[in-house]
$ cat structure-v9.cif   # mmCIF, C-alpha atoms and all ligand atoms
data_final
#
loop_
_atom_site.label_atom_id
_atom_site.label_comp_id
_atom_site.auth_asym_id
_atom_site.auth_seq_id
_atom_site.Cartn_x
_atom_site.Cartn_y
_atom_site.Cartn_z
CA MET G 1 105.48 112.08 90.54
CA ARG G 2 108.81 110.90 91.95
CA LEU G 3 108.55 108.25 94.61
CA GLN G 4 111.04 106.59 96.91
CA ILE G 5 110.17 103.67 99.15
CA LEU G 6 112.30 104.51 102.17
CA GLY G 7 111.65 101.44 104.31
CA THR G 8 110.15 98.06 103.45
CA ALA G 9 110.00 96.04 106.69
CA ALA G 10 107.22 95.12 109.06
CA ALA G 11 107.28 96.56 112.58
CA GLU G 12 110.35 94.76 113.96
CA GLY G 13 112.61 95.49 110.97
CA TRP G 14 114.60 92.84 109.12
CA PRO G 15 116.96 91.71 110.55
CA ALA G 16 114.72 92.20 113.54
CA ILE G 17 116.52 93.94 116.36
CA PHE G 18 116.59 91.12 118.88
CA CYS G 19 116.11 88.17 116.53
CA GLY G 20 118.47 85.27 115.86
CA CYS G 21 116.25 83.38 113.37
CA GLU G 22 117.66 81.98 110.15
CA ALA G 23 115.98 84.63 107.97
CA CYS G 24 117.57 87.41 110.01
CA GLN G 25 120.98 85.73 110.11
CA ARG G 26 120.93 85.25 106.32
CA ALA G 27 119.95 88.90 105.86
CA ARG G 28 122.84 90.01 108.08
CA VAL G 29 125.29 87.95 106.00
CA LEU G 30 123.95 88.85 102.54
CA GLY G 31 123.07 92.49 103.29
CA GLY G 32 121.96 94.66 100.32
CA LYS G 33 118.27 94.44 99.52
CA ASN G 34 117.77 92.05 102.45
CA ILE G 35 118.28 94.83 104.99
CA ARG G 36 114.85 96.32 105.59
CA THR G 37 113.92 99.27 107.80
CA ARG G 38 110.49 100.47 108.87
CA ALA G 39 107.99 101.54 106.21
CA SER G 40 107.57 105.00 104.68
CA LEU G 41 107.03 106.55 101.26
CA GLN G 42 108.62 109.80 100.06
CA ILE G 43 106.76 111.67 97.28
CA ASP G 44 108.73 114.37 95.44
CA ASP G 45 110.72 116.51 97.90
CA ASN G 46 107.81 117.79 99.91
CA TYR G 47 105.41 115.01 100.79
CA LYS G 48 105.77 111.89 102.86
CA ILE G 49 103.58 109.08 104.13
CA ASP G 50 104.43 107.92 107.68
CA LEU G 51 107.30 108.81 109.97
CA PRO G 52 108.89 105.56 111.17
CA PRO G 53 111.56 105.35 113.88
CA ASP G 54 114.15 104.88 111.10
CA THR G 55 113.50 108.33 109.59
CA HIS G 56 116.82 109.76 110.77
CA HIS G 57 118.61 106.88 109.05
CA HIS G 58 116.52 107.39 105.89
CA SER G 59 117.41 111.08 105.74
CA ILE G 60 121.12 110.22 105.80
CA ALA G 61 121.05 107.10 103.64
CA TYR G 62 118.99 108.67 100.82
CA GLY G 63 120.10 112.30 101.09
CA LEU G 64 116.60 113.50 101.96
CA GLU G 65 116.12 117.18 102.66
CA LEU G 66 113.31 116.95 105.15
CA SER G 67 113.67 120.66 105.85
CA LYS G 68 111.58 120.90 102.65
CA LEU G 69 108.83 118.68 104.03
CA ARG G 70 105.49 120.35 103.49
CA CYS G 71 102.91 117.62 104.19
CA LEU G 72 103.15 114.52 106.34
CA PHE G 73 100.37 111.95 106.00
CA PHE G 74 99.92 109.09 108.45
CA THR G 75 98.38 105.69 107.85
CA HIS G 76 97.84 104.79 111.52
CA SER G 77 99.35 105.03 114.98
CA HIS G 78 101.39 101.81 115.16
CA GLY G 79 104.94 102.56 116.27
CA ASP G 80 106.60 101.40 113.06
CA HIS G 81 104.69 104.10 111.12
CA PHE G 82 104.20 106.79 113.73
CA ALA G 83 107.30 107.76 115.74
CA LEU G 84 105.67 110.60 117.63
CA GLN G 85 108.84 111.52 119.48
CA GLU G 86 110.64 112.39 116.22
CA ILE G 87 108.04 115.05 115.38
CA GLU G 88 109.33 117.11 118.28
CA TYR G 89 112.52 117.80 116.32
CA THR G 90 110.60 120.11 113.98
CA LYS G 91 110.87 122.70 116.76
CA GLU G 92 113.08 125.74 116.26
CA GLY G 93 116.36 125.00 117.98
CA PHE G 94 116.28 121.34 116.93
CA SER G 95 115.75 122.55 113.32
CA HIS G 96 116.68 125.81 111.61
CA CYS G 97 116.01 127.28 108.16
CA ARG G 98 113.15 124.97 107.26
CA ALA G 99 111.71 125.83 103.88
CA VAL G 100 108.08 125.32 104.90
CA ASP G 101 106.43 126.56 108.04
CA PRO G 102 104.20 125.13 109.39
CA ILE G 103 104.26 121.50 108.25
CA GLU G 104 100.78 120.18 107.51
CA VAL G 105 100.13 116.88 109.31
CA TYR G 106 97.25 114.62 108.27
CA GLY G 107 96.01 111.51 110.04
CA ASN G 108 93.06 109.72 111.58
CA GLU G 109 91.52 111.02 114.81
CA LYS G 110 93.89 109.06 117.06
CA VAL G 111 97.01 110.21 115.23
CA ALA G 112 95.80 113.80 114.92
CA ALA G 113 94.95 114.00 118.63
CA ALA G 114 98.39 112.73 119.64
CA VAL G 115 100.23 115.09 117.29
CA ASP G 116 98.09 118.04 118.31
CA ASP G 117 98.71 117.34 122.00
CA LEU G 118 102.46 117.34 121.37
CA ARG G 119 102.16 120.45 119.19
CA GLN G 120 100.46 122.36 121.99
CA ARG G 121 102.76 121.16 124.76
CA ARG G 122 105.96 121.82 122.81
CA ASP G 123 104.80 124.73 120.64
CA LEU G 124 105.64 122.93 117.40
CA PRO G 125 105.37 124.51 113.92
CA LEU G 126 102.64 122.14 112.73
CA THR G 127 99.08 122.33 111.48
CA VAL G 128 97.14 119.19 112.33
CA ASN G 129 94.29 117.89 110.17
CA VAL G 130 91.94 114.93 110.64
CA VAL G 131 91.34 112.97 107.45
CA ARG G 132 88.50 110.56 106.83
CA PRO G 133 88.00 107.70 104.36
CA PHE G 134 87.21 108.82 100.82
CA GLU G 135 87.40 112.54 101.67
CA PRO G 136 90.09 113.88 99.28
CA VAL G 137 92.81 116.25 100.47
CA LYS G 138 94.23 118.55 97.78
CA VAL G 139 97.77 119.79 98.35
CA ASP G 140 99.49 121.69 95.56
CA HIS G 141 99.47 119.48 92.44
CA LEU G 142 98.57 116.31 94.35
CA THR G 143 95.36 114.85 95.74
CA PHE G 144 95.50 112.34 98.59
CA ILE G 145 92.42 110.16 99.00
CA PRO G 146 92.36 108.19 102.28
CA ILE G 147 91.16 104.59 101.88
CA PRO G 148 89.91 102.58 104.89
CA ALA G 149 92.40 99.80 105.63
CA VAL G 150 91.58 96.50 107.33
CA HIS G 151 94.17 96.53 110.06
CA ALA G 152 93.27 97.46 113.66
CA GLN G 153 89.96 97.82 115.43
CA SER G 154 90.99 100.60 117.79
CA GLU G 155 91.33 103.24 115.05
CA THR G 156 90.45 103.92 111.43
CA CYS G 157 93.66 102.82 109.72
CA LEU G 158 94.18 104.41 106.33
CA ASN G 159 95.82 103.67 103.03
CA TYR G 160 96.14 106.39 100.40
CA VAL G 161 95.45 106.91 96.72
CA VAL G 162 97.77 109.67 95.52
CA GLN G 163 96.93 111.46 92.28
CA SER G 164 98.65 114.02 90.11
CA ASP G 165 97.26 115.30 86.82
CA ALA G 166 98.78 112.41 84.95
CA HIS G 167 99.26 109.64 87.50
CA THR G 168 97.45 107.66 90.15
CA MET G 169 99.06 105.37 92.71
CA LEU G 170 97.86 103.34 95.69
CA TYR G 171 99.92 103.03 98.87
CA ALA G 172 98.38 100.17 100.84
CA SER G 173 100.29 99.61 104.07
CA ASP G 174 99.14 98.31 106.48
CA THR G 175 96.03 96.32 105.54
CA GLY G 176 94.47 92.90 105.17
CA PRO G 177 92.24 92.04 102.19
CA TYR G 178 89.84 94.87 101.34
CA PRO G 179 86.10 94.23 101.57
CA ALA G 180 84.09 94.42 98.33
CA LYS G 181 82.87 97.91 99.17
CA THR G 182 86.41 99.31 99.31
CA LEU G 183 87.54 97.38 96.23
CA ASN G 184 84.60 98.71 94.27
CA ARG G 185 85.39 102.29 95.26
CA LEU G 186 88.95 101.75 94.02
CA THR G 187 87.73 100.68 90.58
CA SER G 188 86.74 104.29 89.87
CA PHE G 189 90.48 105.11 89.49
CA GLU G 190 92.93 104.25 86.74
CA PHE G 191 96.13 103.27 88.50
CA ASN G 192 99.65 103.49 87.10
CA LEU G 193 101.12 101.99 90.24
CA LEU G 194 100.13 99.84 93.20
CA VAL G 195 102.42 99.65 96.23
CA ILE G 196 100.84 97.03 98.47
CA GLU G 197 102.02 95.44 101.67
CA CYS G 198 102.95 91.75 101.73
CA THR G 199 103.83 91.12 105.37
CA PHE G 200 103.33 87.36 105.12
CA GLY G 201 105.28 86.95 101.87
CA PRO G 202 104.57 83.84 99.79
CA ALA G 203 102.14 82.25 102.29
CA ARG G 204 99.10 80.86 100.51
CA GLN G 205 96.78 82.63 102.88
CA GLU G 206 97.01 85.29 105.55
CA PRO G 207 97.35 83.56 108.96
CA HIS G 208 95.16 86.31 110.37
CA THR G 209 93.59 89.48 109.07
CA GLY G 210 95.28 92.84 109.29
CA HIS G 211 98.08 92.09 106.84
CA LEU G 212 98.47 90.50 103.43
CA ALA G 213 100.29 87.58 101.88
CA LEU G 214 101.06 87.43 98.14
CA GLU G 215 97.73 85.72 97.50
CA GLY G 216 95.81 88.59 99.11
CA LEU G 217 97.89 91.18 97.30
CA LEU G 218 97.12 89.47 93.99
CA GLY G 219 93.43 89.46 94.95
CA ILE G 220 93.47 93.26 95.06
CA ARG G 221 95.61 93.65 91.93
CA ASP G 222 93.57 91.16 89.88
CA HIS G 223 90.24 92.66 90.92
CA LEU G 224 91.40 96.11 89.83
CA ALA G 225 92.76 94.70 86.57
CA LYS G 226 89.51 92.82 85.85
CA CYS G 227 87.51 96.01 86.40
CA GLY G 228 89.72 98.07 84.07
CA ALA G 229 91.21 100.09 86.93
CA LEU G 230 94.83 99.45 85.91
CA ARG G 231 96.36 101.35 83.02
CA PRO G 232 98.42 99.40 80.47
CA GLY G 233 101.88 98.86 81.91
CA ALA G 234 100.78 99.54 85.49
CA ARG G 235 103.33 98.27 88.01
CA THR G 236 102.60 96.35 91.20
CA ILE G 237 105.22 96.53 93.95
CA ALA G 238 105.09 94.56 97.22
CA THR G 239 106.45 96.06 100.45
CA HIS G 240 106.29 95.81 104.32
CA PHE G 241 107.85 92.35 104.73
CA SER G 242 108.25 90.37 107.94
CA HIS G 243 111.26 88.13 108.60
CA ASN G 244 108.69 85.49 109.59
CA MET G 245 108.05 84.86 105.89
CA GLY G 246 111.53 83.33 105.73
CA VAL G 247 112.45 84.10 102.10
CA LEU G 248 114.98 86.77 101.18
CA HIS G 249 114.63 89.47 98.52
CA HIS G 250 115.84 87.48 95.51
CA GLU G 251 113.83 84.41 96.56
CA MET G 252 110.66 86.44 96.97
CA GLN G 253 111.34 88.19 93.65
CA ASN G 254 111.54 84.77 91.94
CA ILE G 255 108.17 83.77 93.40
CA ALA G 256 106.34 87.07 92.88
CA GLY G 257 107.99 87.83 89.53
CA ARG G 258 105.99 84.98 87.98
CA GLU G 259 102.88 86.98 88.88
CA GLY G 260 104.27 90.26 87.54
CA VAL G 261 104.91 91.67 91.02
CA GLU G 262 108.10 93.53 91.90
CA ILE G 263 109.63 93.26 95.36
CA ALA G 264 110.47 96.55 96.99
CA TYR G 265 113.77 97.21 98.73
CA ASP G 266 114.84 100.08 100.93
CA GLY G 267 115.60 103.20 98.91
CA MET G 268 113.80 101.93 95.76
CA GLU G 269 113.11 104.87 93.48
CA ILE G 270 110.09 104.88 91.17
CA VAL G 271 109.52 107.44 88.48
CA ILE G 272 106.01 107.23 87.07
CA THR G 273 106.16 108.27 83.44
ZN ZN D 1 103.40 98.27 109.84
ZN ZN D 2 114.24 86.98 112.55
ZN ZN D 3 100.26 98.53 111.71
#

$ encode --input "structure-v9.cif" --output "C-alpha cells" --more "lines below"
Ligand SMILES: [Zn+2]
Ligand SMILES: [Zn+2]
Ligand SMILES: [Zn+2]
Amino acid sequence: MRLQILGTAAAEGWPAIFCGCEACQRARVLGGKNIRTRASLQIDDNYKIDLPPDTHHHSIAYGLELSKLRCLFFTHSHGDHFALQEIEYTKEGFSHCRAVDPIEVYGNEKVAAAVDDLRQRRDLPLTVNVVRPFEPVKVDHLTFIPIPAVHAQSETCLNYVVQSDAHTMLYASDTGPYPAKTLNRLTSFEFNLLVIECTFGPARQEPHTGHLALEGLLGIRDHLAKCGALRPGARTIATHFSHNMGVLHHEMQNIAGREGVEIAYDGMEIVIT
C-alpha cells in the first residue's frame, strides 16, 4: 500500500485564509512543512479518502493522475473534506480520457444523497454507494471498513480502516475520542499504521468533543497497543492541525516525538513495508 497525505490542516487551512494570528504569520514566514492545506489521503493511484477544496492544488503539487481515480471514499460532509462542486468536473468535457468510468463514490447517507443529486442533475459518470459503520467494502485488493467517528450529530461521520493482504491502517479524521465500544472493535485488527487527527495539537485535553488533542490521540494509540492491536514497528502519524494550537511543525514534532508520534506534513509519503 502506497499512501500520501495530501493535506494536513483543519477546515480553515494553515495559514488560515483570513487570519493574521502569530501562528499563521510564522507559518507564512517559515513556509515548508508549516504550510497546511485541507485534509485528504491518497492510496495507491486509484483510491482516495475525501475531496477537499484544495484538490486541484494537490493534483498539481504532487503530480497526481486523478484521471486514474477509481474509488472515492468520504468521511463526512464538512466543507474541508467534501467539496461537492469539484465532483462536477468528472463530467465529459471538463475531463477526457479518464482511465476508469464510472468512479465509485462511497459515503454516509448525507454525502451519498448530495453526490447522487448532483450526479442526476449533471449526468456525471459516478456510481454512488452508501456505507455504514463496520460494513466492509471490498474494492480490488483493498478492503475499506467504515468506523463511526465522534464528530457531528447531524450525520454519521466515518473514519476508515484500510486493509490489504499484508497491511492494515486506520485513517481517523475527523473524530473526538472513541467510545469503548468502537475502541474494542478496533482491537480485532493488527495495525501497521495509525493516521489520527490532532486538531488541538499539544493541548492536555480536548476543549470540546469532535476533535482530538495529542492526549486523546495517545489514548487511542495506547489502548490499541495494550490490547495487542499494533504490530511491532507500527507507526503513528498525527494530522489535521488547527492554527489555534499555536505550535509549528518542528515544535509539535519535538513534543509528539517523545511519545513516538510523527507529525504529518502536506505531501508526506508513506510506504508500508
Ligand atoms: Zn476537518
Ligand atoms: Zn491563524
Ligand atoms: Zn469535520

$ residues_near_ligand --input "structure-v9.cif" --ligand "ligand ZN 2 (chain D)" --cutoff "6 Å" --atoms "all atoms listed in the file" --output "VMD selection string"
chain G and resid 15 to 16 19 to 21 23 to 24 243

$ residues_near_point --input "structure-v9.cif" --point "(99.2, 112.3, 87.8)" --cutoff "10 Å" --atoms "only C-alpha atoms" --output "list in words"
Met1, His141, Leu142, Thr143, Val162, Gln163, Ser164, Asp165, Ala166, His167, Thr168, Met169, Phe191, Asn192, Ile272 and Thr273 of chain G

$ closest_residue --input "structure-v9.cif" --among "G:Ala149, G:Cys157, G:Met268, G:Leu64" --to "Gly176 (chain G)" --atoms "all atoms listed in the file"
G:Ala149

$ residues_near_ligand --input "structure-v9.cif" --ligand "ligand ZN 3 (chain D)" --cutoff "8 Å" --atoms "only C-alpha atoms and all ligand atoms" --output "JSON list (two decimals) with C-alpha atoms, in the coordinates of the input"
[["chain", "number", "residue", "atom", "x", "y", "z"],
["G", 11, "ALA", "CA", 107.28, 96.56, 112.58],
["G", 76, "HIS", "CA", 97.84, 104.79, 111.52],
["G", 77, "SER", "CA", 99.35, 105.03, 114.98],
["G", 78, "HIS", "CA", 101.39, 101.81, 115.16],
["G", 79, "GLY", "CA", 104.94, 102.56, 116.27],
["G", 80, "ASP", "CA", 106.60, 101.40, 113.06],
["G", 81, "HIS", "CA", 104.69, 104.10, 111.12],
["G", 151, "HIS", "CA", 94.17, 96.53, 110.06],
["G", 152, "ALA", "CA", 93.27, 97.46, 113.66],
["G", 173, "SER", "CA", 100.29, 99.61, 104.07],
["G", 174, "ASP", "CA", 99.14, 98.31, 106.48],
["G", 175, "THR", "CA", 96.03, 96.32, 105.54],
["G", 210, "GLY", "CA", 95.28, 92.84, 109.29]]

$ atom_distance --input "structure-v9.cif" --atom1 "CA of Leu3 (chain G)" --atom2 "CA of Asn46 (chain G)"
10.9 Å

$ atom_distance --input "structure-v9.cif" --atom1 "CA of Ile35 (chain G)" --atom2 "CA of Gly201 (chain G)"
15.5 Å

$ residues_around --input "structure-v9.cif" --residues "Phe144 (chain G)" --least-positions-apart "4" --cutoff "9 Å" --atoms "all atoms listed in the file" --output "MDAnalysis selection string"
chainID G and resid 73 135:139 160:163

$ atom_distance --input "structure-v9.cif" --atom1 "CA of Asp116 (chain G)" --atom2 "CA of Thr90 (chain G)"
13.4 Å

$ closest_residue --input "structure-v9.cif" --among "G:Ala10, G:Leu30, G:Ile263, G:Leu158" --to "ligand ZN 1 (chain D)" --atoms "only C-alpha atoms and all ligand atoms"
G:Ala10

$ closest_residue --input "structure-v9.cif" --among "G:Glu22, G:Asp50, G:Glu269, G:Asp45" --to "ligand ZN 1 (chain D)" --atoms "all atoms listed in the file"
G:Asp50

$ residues_near_point --input "structure-v9.cif" --point "(107.0, 120.9, 106.3)" --cutoff "12 Å" --atoms "only C-alpha atoms" --output "NGL selection string"
:G and (45-48 or 65-73 or 87 or 89-91 or 95 or 97-106 or 124-128)

$ write_last_selection --input "structure-v9.cif" --atoms "C-alpha atoms" --output "PDB file, in the coordinates of the input"
ATOM      1  CA  ASP G  45     110.720 116.510  97.900  1.00  0.00           C
ATOM      2  CA  ASN G  46     107.810 117.790  99.910  1.00  0.00           C
ATOM      3  CA  TYR G  47     105.410 115.010 100.790  1.00  0.00           C
ATOM      4  CA  LYS G  48     105.770 111.890 102.860  1.00  0.00           C
ATOM      5  CA  GLU G  65     116.120 117.180 102.660  1.00  0.00           C
ATOM      6  CA  LEU G  66     113.310 116.950 105.150  1.00  0.00           C
ATOM      7  CA  SER G  67     113.670 120.660 105.850  1.00  0.00           C
ATOM      8  CA  LYS G  68     111.580 120.900 102.650  1.00  0.00           C
ATOM      9  CA  LEU G  69     108.830 118.680 104.030  1.00  0.00           C
ATOM     10  CA  ARG G  70     105.490 120.350 103.490  1.00  0.00           C
ATOM     11  CA  CYS G  71     102.910 117.620 104.190  1.00  0.00           C
ATOM     12  CA  LEU G  72     103.150 114.520 106.340  1.00  0.00           C
ATOM     13  CA  PHE G  73     100.370 111.950 106.000  1.00  0.00           C
ATOM     14  CA  ILE G  87     108.040 115.050 115.380  1.00  0.00           C
ATOM     15  CA  TYR G  89     112.520 117.800 116.320  1.00  0.00           C
ATOM     16  CA  THR G  90     110.600 120.110 113.980  1.00  0.00           C
ATOM     17  CA  LYS G  91     110.870 122.700 116.760  1.00  0.00           C
ATOM     18  CA  SER G  95     115.750 122.550 113.320  1.00  0.00           C
ATOM     19  CA  CYS G  97     116.010 127.280 108.160  1.00  0.00           C
ATOM     20  CA  ARG G  98     113.150 124.970 107.260  1.00  0.00           C
ATOM     21  CA  ALA G  99     111.710 125.830 103.880  1.00  0.00           C
ATOM     22  CA  VAL G 100     108.080 125.320 104.900  1.00  0.00           C
ATOM     23  CA  ASP G 101     106.430 126.560 108.040  1.00  0.00           C
ATOM     24  CA  PRO G 102     104.200 125.130 109.390  1.00  0.00           C
ATOM     25  CA  ILE G 103     104.260 121.500 108.250  1.00  0.00           C
ATOM     26  CA  GLU G 104     100.780 120.180 107.510  1.00  0.00           C
ATOM     27  CA  VAL G 105     100.130 116.880 109.310  1.00  0.00           C
ATOM     28  CA  TYR G 106      97.250 114.620 108.270  1.00  0.00           C
ATOM     29  CA  LEU G 124     105.640 122.930 117.400  1.00  0.00           C
ATOM     30  CA  PRO G 125     105.370 124.510 113.920  1.00  0.00           C
ATOM     31  CA  LEU G 126     102.640 122.140 112.730  1.00  0.00           C
ATOM     32  CA  THR G 127      99.080 122.330 111.480  1.00  0.00           C
ATOM     33  CA  VAL G 128      97.140 119.190 112.330  1.00  0.00           C
TER      34      VAL G 128
END

$ decode --input "structure-v9.cif" --residues "region 42-53 of chain G" --atoms "all heavy atoms" --output "compact mmCIF listing (two decimals), in the first residue's frame"
# COMPACT_ATOMS: atom_id res chain seq x y z
N GLN G 42 -4.39 9.95 -0.22
CA GLN G 42 -4.31 9.21 -1.47
C GLN G 42 -3.76 7.82 -1.18
O GLN G 42 -2.78 7.68 -0.44
CB GLN G 42 -3.38 9.95 -2.45
CG GLN G 42 -3.23 9.30 -3.80
CD GLN G 42 -4.43 9.53 -4.71
OE1 GLN G 42 -5.13 10.53 -4.58
NE2 GLN G 42 -4.67 8.60 -5.60
N ILE G 43 -4.40 6.79 -1.75
CA ILE G 43 -3.96 5.40 -1.56
C ILE G 43 -3.68 4.80 -2.93
O ILE G 43 -4.59 4.72 -3.77
CB ILE G 43 -5.04 4.57 -0.83
CG1 ILE G 43 -5.42 5.25 0.49
CG2 ILE G 43 -4.55 3.14 -0.60
CD1 ILE G 43 -6.65 4.68 1.15
N ASP G 44 -2.44 4.38 -3.15
CA ASP G 44 -2.01 3.95 -4.49
C ASP G 44 -2.45 5.02 -5.51
O ASP G 44 -2.61 6.18 -5.15
CB ASP G 44 -2.57 2.56 -4.82
CG ASP G 44 -2.04 1.49 -3.84
OD1 ASP G 44 -0.95 1.70 -3.27
OD2 ASP G 44 -2.72 0.48 -3.63
N ASP G 45 -2.62 4.63 -6.78
CA ASP G 45 -3.03 5.64 -7.77
C ASP G 45 -4.54 5.81 -7.84
O ASP G 45 -5.04 6.80 -8.36
CB ASP G 45 -2.56 5.21 -9.18
CG ASP G 45 -1.07 5.42 -9.36
OD1 ASP G 45 -0.50 6.29 -8.68
OD2 ASP G 45 -0.49 4.70 -10.19
N ASN G 46 -5.27 4.84 -7.31
CA ASN G 46 -6.67 4.71 -7.69
C ASN G 46 -7.70 5.01 -6.61
O ASN G 46 -8.90 5.00 -6.90
CB ASN G 46 -6.93 3.28 -8.19
CG ASN G 46 -5.91 2.83 -9.20
OD1 ASN G 46 -5.05 2.01 -8.88
ND2 ASN G 46 -5.96 3.41 -10.38
N TYR G 47 -7.24 5.22 -5.39
CA TYR G 47 -8.18 5.33 -4.28
C TYR G 47 -7.84 6.57 -3.46
O TYR G 47 -6.68 6.93 -3.30
CB TYR G 47 -8.09 4.09 -3.37
CG TYR G 47 -8.02 2.81 -4.16
CD1 TYR G 47 -6.79 2.23 -4.46
CD2 TYR G 47 -9.17 2.21 -4.68
CE1 TYR G 47 -6.70 1.08 -5.23
CE2 TYR G 47 -9.10 1.07 -5.45
CZ TYR G 47 -7.86 0.50 -5.73
OH TYR G 47 -7.78 -0.61 -6.51
N LYS G 48 -8.91 7.18 -2.94
CA LYS G 48 -8.69 8.45 -2.25
C LYS G 48 -9.76 8.58 -1.17
O LYS G 48 -10.90 8.18 -1.37
CB LYS G 48 -8.81 9.58 -3.27
CG LYS G 48 -8.53 10.97 -2.78
CD LYS G 48 -8.39 11.88 -4.03
CE LYS G 48 -8.71 13.32 -3.70
NZ LYS G 48 -7.92 13.85 -2.58
N ILE G 49 -9.36 9.15 -0.04
CA ILE G 49 -10.33 9.46 1.01
C ILE G 49 -10.46 10.98 1.07
O ILE G 49 -9.48 11.69 1.29
CB ILE G 49 -9.92 8.89 2.38
CG1 ILE G 49 -9.83 7.35 2.32
CG2 ILE G 49 -10.92 9.31 3.46
CD1 ILE G 49 -9.40 6.68 3.62
N ASP G 50 -11.66 11.46 0.85
CA ASP G 50 -12.07 12.87 0.89
C ASP G 50 -11.57 13.68 -0.32
O ASP G 50 -10.56 13.35 -0.96
CB ASP G 50 -11.65 13.55 2.20
CG ASP G 50 -12.53 13.07 3.37
OD1 ASP G 50 -13.66 12.62 3.11
OD2 ASP G 50 -12.08 13.18 4.52
N LEU G 51 -12.37 14.68 -0.62
CA LEU G 51 -12.10 15.56 -1.76
C LEU G 51 -12.20 17.00 -1.25
O LEU G 51 -13.25 17.63 -1.34
CB LEU G 51 -13.12 15.30 -2.86
CG LEU G 51 -12.82 15.96 -4.21
CD1 LEU G 51 -11.73 15.18 -4.94
CD2 LEU G 51 -14.08 16.02 -5.07
N PRO G 52 -11.10 17.51 -0.67
CA PRO G 52 -11.14 18.86 -0.10
C PRO G 52 -11.09 19.93 -1.19
O PRO G 52 -10.76 19.63 -2.34
CB PRO G 52 -9.89 18.89 0.78
CG PRO G 52 -8.96 17.92 0.15
CD PRO G 52 -9.81 16.85 -0.46
N PRO G 53 -11.37 21.18 -0.82
CA PRO G 53 -11.34 22.25 -1.81
C PRO G 53 -9.94 22.51 -2.37
O PRO G 53 -9.81 23.23 -3.36
CB PRO G 53 -11.86 23.48 -1.04
CG PRO G 53 -11.87 23.10 0.39
CD PRO G 53 -11.86 21.62 0.49
